[in-house]
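Asker: Below is one structure. I have some questions about it.
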2 protein chains.
Amino acid sequence: MSIQTIERAFALLRTLALGPVGVTELAERVELPKSTVARLLAALEAENAVEQIESGGGYRLGPGLVDIAGGAQPGRNLIASARPHLLELAEKTDEVAGLSIIDDGQVLYLDQTESSSSVQVRDWSGEYAPLHAVAAGLVMLAHMPDDEIEGYLAKPLPKCTDLTMTDPDDLLERLEHVRHLGYAWSYEEFAEGLNSVAAPIVMPDGRVESALHVHGPAYRFPDPDQAHDHGLAVIEAAARLAEQLAD
Amino acid sequence: MSIQTIERAFALLRTLALGPVGVTELAERVELPKSTVARLLAALEAENAVEQIESGGGYRLGPGLVDIAGGAQPGRNLIASARPHLLELAEKTDEVAGLSIIDDGQVLYLDQTESSSSVQVRDWSGEYAPLHAVAAGLVMLAHMPDDEIEGYLAKPLPKCTDLTMTDPDDLLERLEHVRHLGYAWSYEEFAEGLNSVAAPIVMPDGRVESALHVHGPAYRFPDPDQAHDHGLAVIEAAARLAEQLAD
DNA sequence: ACCAGGCGTTCCACATCGTGGAACGCCCGC
DNA sequence: GCGGGCGTTCCACGATGTGGAACGCCTGGT
């Protein structure tokens, strides 16, 4: 059994995959009334599955499809696989969600969702941050072998803001707490006015080389009532992603 | 304005992107009646957008989405970009469509659609064939600079079947014909019982390094009435793909 | 400047199509 | 072997998507 609306919507998508087209030609190619095609396209646009070429022109495929399909790829791409989870996290928390890995003893931000909120958080993709100053770094640090942790804490720790925690003993205690909770918060320790929660992406062999996080402006994030819930949400998303990366 | 069915279908897809789930849990997560979810999933399955995990288990995203989304990727993957065009060609002609490139003076088959027909054509992906023995090779040869063509024809030309054309002069004449028509047919010249049509994918700089083709069993393909139409269909698909690769 | 043609969009009465609660049958694990 | 939970199917109902026709805009030929 199949559903007319869905059949038609996919026919449109498949035709658009061959290249951008206008409503009229699209309607001819799929043999449907123009009005029906226009309405379906509007609905697909609301889902980001298609987008209009500079208001008035034709339509082309949109990024929404890629976001969804990324998780389906048999292979490997961490960023693509993480995208749907980032989007869900962002929607759940109404803040910006991101993905980071550990690279050369630092946190490297790989990707983050777009913010529709008027109060923007800048895009950190491609930027580095010290492990001990951001939530994502703390969860990754917390899951490193003891000797590596000690090695990291033995070196001088940069102070990014007034609130950056740099005392090795305090940090060790904090890491213990993070391991226990499963997630970490950081409060304006890397950049002023910026808070974030992160949870580790645990690989099948137990190693942690990447993390998911959510961050937002300190004045509204986190709402104290929801801090723990947000932590759990990030943990759940990270767990699901890890499971998906496993097979 | 938006359409209920489409909103719901995409909600399902987005949730499935987080990992495989069963109908019941899916229904809870998107807050819809189980029956509605089951029906939508069945419809999406018909579009290959989702697939059922070994009859009875849950559902996961299917390959259909990736096929569609491939063309939307900003990045350049020839195989991914070609996929939607192959699928359309295959549907139009009701035979197998494929993509090939020229590699080290031979045709290298990169990808082909699955055949649902009972009379199968084998999957040539990853296989090599001599330029002069297959349609895809002929169109690529036809668009090479004259000196390269002569260089190729000067070497001894392997005879794959009784019908393989190996005389350089005959081939030169045939290439002229191919350039004029824009597509090429080959009739059991590479493998017995196998015919195919191909058209070149012309890059913006005029070079031709890849081709689209359709092939099928000689006893039914091509229907003489449709041979030219099939040629035009392959040309059109190749042109659209080329345009898409251009920007 | 103008108008003709073609585009994407909107409208609205109609009936098709999707809906969802309930009932079914199956497989699994207690 | 039996209860619970799964995915699936059924069917009367009416909400929902439909599509022909009409609209307004921009474009380019005159």
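Identifiers for the structure tokens are assigned positionally: chains receive A, B, ... in sequence, residues are indexed from 1 per chain, and ligands are indexed from 1 in the order shown.
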Please report, as CSV, each residue of chain D lying at most 12 Å from stretch 1-12 of chain C, together with the nearest pair of atoms and the separation in Å rounded to one decimal; use only C-alpha atoms (C1' of nucleotides), and order rows by chain and ascending residue number.
Answerer:
```
residue,atom,partner,partner_atom,distance
D:DT18,C1',C:DC12,C1',10.7
D:DG19,C1',C:DC12,C1',10.5
D:DG20,C1',C:DC11,C1',10.7
D:DA21,C1',C:DC11,C1',9.0
D:DA22,C1',C:DC11,C1',8.1
D:DC23,C1',C:DT10,C1',7.4
D:DG24,C1',C:DT9,C1',8.6
D:DC25,C1',C:DC7,C1',8.5
D:DC26,C1',C:DC7,C1',8.1
D:DT27,C1',C:DG6,C1',9.1
D:DG28,C1',C:DG5,C1',9.9
D:DG29,C1',C:DA4,C1',9.3
D:DT30,C1',C:DC2,C1',8.7
```
Asker: Neighbours of stretch 149-159 of chain B within 9 Å (only C-alpha atoms (C1' of nucleotides); same-chain residues fewer than 6 positions away dropped), as a list in words?
Answerer: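 Result of the neighbour search: Gly105, Pro130, Leu131, His132, Ala133, Leu141, Ala142, His143, Met165, Thr166, Asp167, Pro168, Asp169, Leu171, Leu172, Glu189 and Phe190 of chain B.
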Asker: For the residues in the current selection, export C-alpha atoms as a PDB file, in the first residue's frame.
Answerer:
```pdb
ATOM      1  CA  GLY B 105      43.135   3.803 -22.099  1.00  0.00           C
ATOM      2  CA  PRO B 130      38.448  -1.943 -24.409  1.00  0.00           C
ATOM      3  CA  LEU B 131      37.382   1.446 -25.744  1.00  0.00           C
ATOM      4  CA  HIS B 132      36.460   0.199 -29.197  1.00  0.00           C
ATOM      5  CA  ALA B 133      34.304  -2.690 -28.039  1.00  0.00           C
ATOM      6  CA  LEU B 141      37.084   7.743 -27.992  1.00  0.00           C
ATOM      7  CA  ALA B 142      35.061   9.873 -30.368  1.00  0.00           C
ATOM      8  CA  HIS B 143      35.662  12.976 -28.251  1.00  0.00           C
ATOM      9  CA  MET B 165      35.078  -4.233 -34.910  1.00  0.00           C
ATOM     10  CA  THR B 166      38.869  -4.072 -35.150  1.00  0.00           C
ATOM     11  CA  ASP B 167      39.642  -2.395 -38.451  1.00  0.00           C
ATOM     12  CA  PRO B 168      41.043   1.129 -37.769  1.00  0.00           C
ATOM     13  CA  ASP B 169      39.475   2.676 -40.866  1.00  0.00           C
ATOM     14  CA  LEU B 171      36.367   2.520 -36.578  1.00  0.00           C
ATOM     15  CA  LEU B 172      37.366   6.018 -37.675  1.00  0.00           C
ATOM     16  CA  GLU B 189      30.884  -6.433 -29.494  1.00  0.00           C
ATOM     17  CA  PHE B 190      32.175  -6.852 -25.978  1.00  0.00           C
TER      18      PHE B 190
END
```
Asker: Could you write out, as a ChimeraX atom specification, all the residues of stretch 56-247 of chain A that DSSP marks as strand (DSSP E or B)?
Answerer: /A:59-61,96-103,106-112,128-130,184-187,194-202,208-217
Asker: As an exercise, work out the distance from atom C1' of D:DC13 to atom CA of B:Leu13 in Å and give it to one decimal place.
Answerer: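 About the pair atom C1' of D:DC13 and atom CA of B:Leu13: they are 28.2 Å apart.
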Asker: For chain B, work out the contacting residues on chain C at 10 Å, counting only C-alpha atoms (C1' of nucleotides), and write them as a PyMOL selection string.
Answerer: chain C and resi 18-21+26-27
Asker: Tell me which protein, DNA and RNA residues are within 7 Å of stretch 94-101 of chain B, counting only C-alpha atoms (C1' of nucleotides), leaving out same-chain ones fewer than 5 positions away, and put them as a ChimeraX atom specification.
Answerer: /B:86,89,107-115,209-216
Asker: Tell me the residues of chain B close to chain A, meaning within 7 Å using only C-alpha atoms, as a PyMOL selection string.
Answerer: chain B and resi 1-3+5-6+13-14+17-19+42-43+46+61-62+65-66+68-69+71-72+84-85+240+244
Asker: If you measure from atom CA of A:Val202 to atom CA of A:Pro222, what distance in Å do you get, rounded to one decimal?
Answerer: 24.5 Å
Asker: When you draw a straight line from atom CA of A:Arg122 to atom CA of A:Ala198, how long is it in Å?
Answerer: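 For atom CA of A:Arg122 relative to atom CA of A:Ala198, the distance reads 17.3 Å.
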Asker: Listing only residues of chain D within 12 Å of chain B, what is the closest atom pair and its distance in Å (to one decimal) for each, using only C-alpha atoms (C1' of nucleotides), sorted by chain and residue number ascending, as CSV?
Answerer:
```
residue,atom,partner,partner_atom,distance
D:DG5,C1',B:Thr24,CA,9.4
D:DC6,C1',B:Thr24,CA,7.7
D:DG7,C1',B:Gly56,CA,6.4
D:DT8,C1',B:Ala38,CA,7.8
D:DT9,C1',B:Ser35,CA,9.0
D:DC10,C1',B:Ser35,CA,10.7
D:DA15,C1',B:Gln4,CA,10.8
D:DT16,C1',B:Gln4,CA,8.1
D:DG17,C1',B:Ile3,CA,7.8
D:DT18,C1',B:Ile3,CA,12.0
```
Asker: Could you pull out the alpha helix (DSSP H) residues of stretch 78-125 of chain A from DSSP and send them as a list in words?
Answerer: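 Reading the DSSP output for stretch 78-125 of chain A, alpha helix (DSSP H) covers Leu78, Ile79, Ala80, Ser81, Ala82, Arg83, Pro84, His85, Leu86, Leu87, Glu88, Leu89, Ala90, Glu91, Lys92 and Thr93 of chain A.
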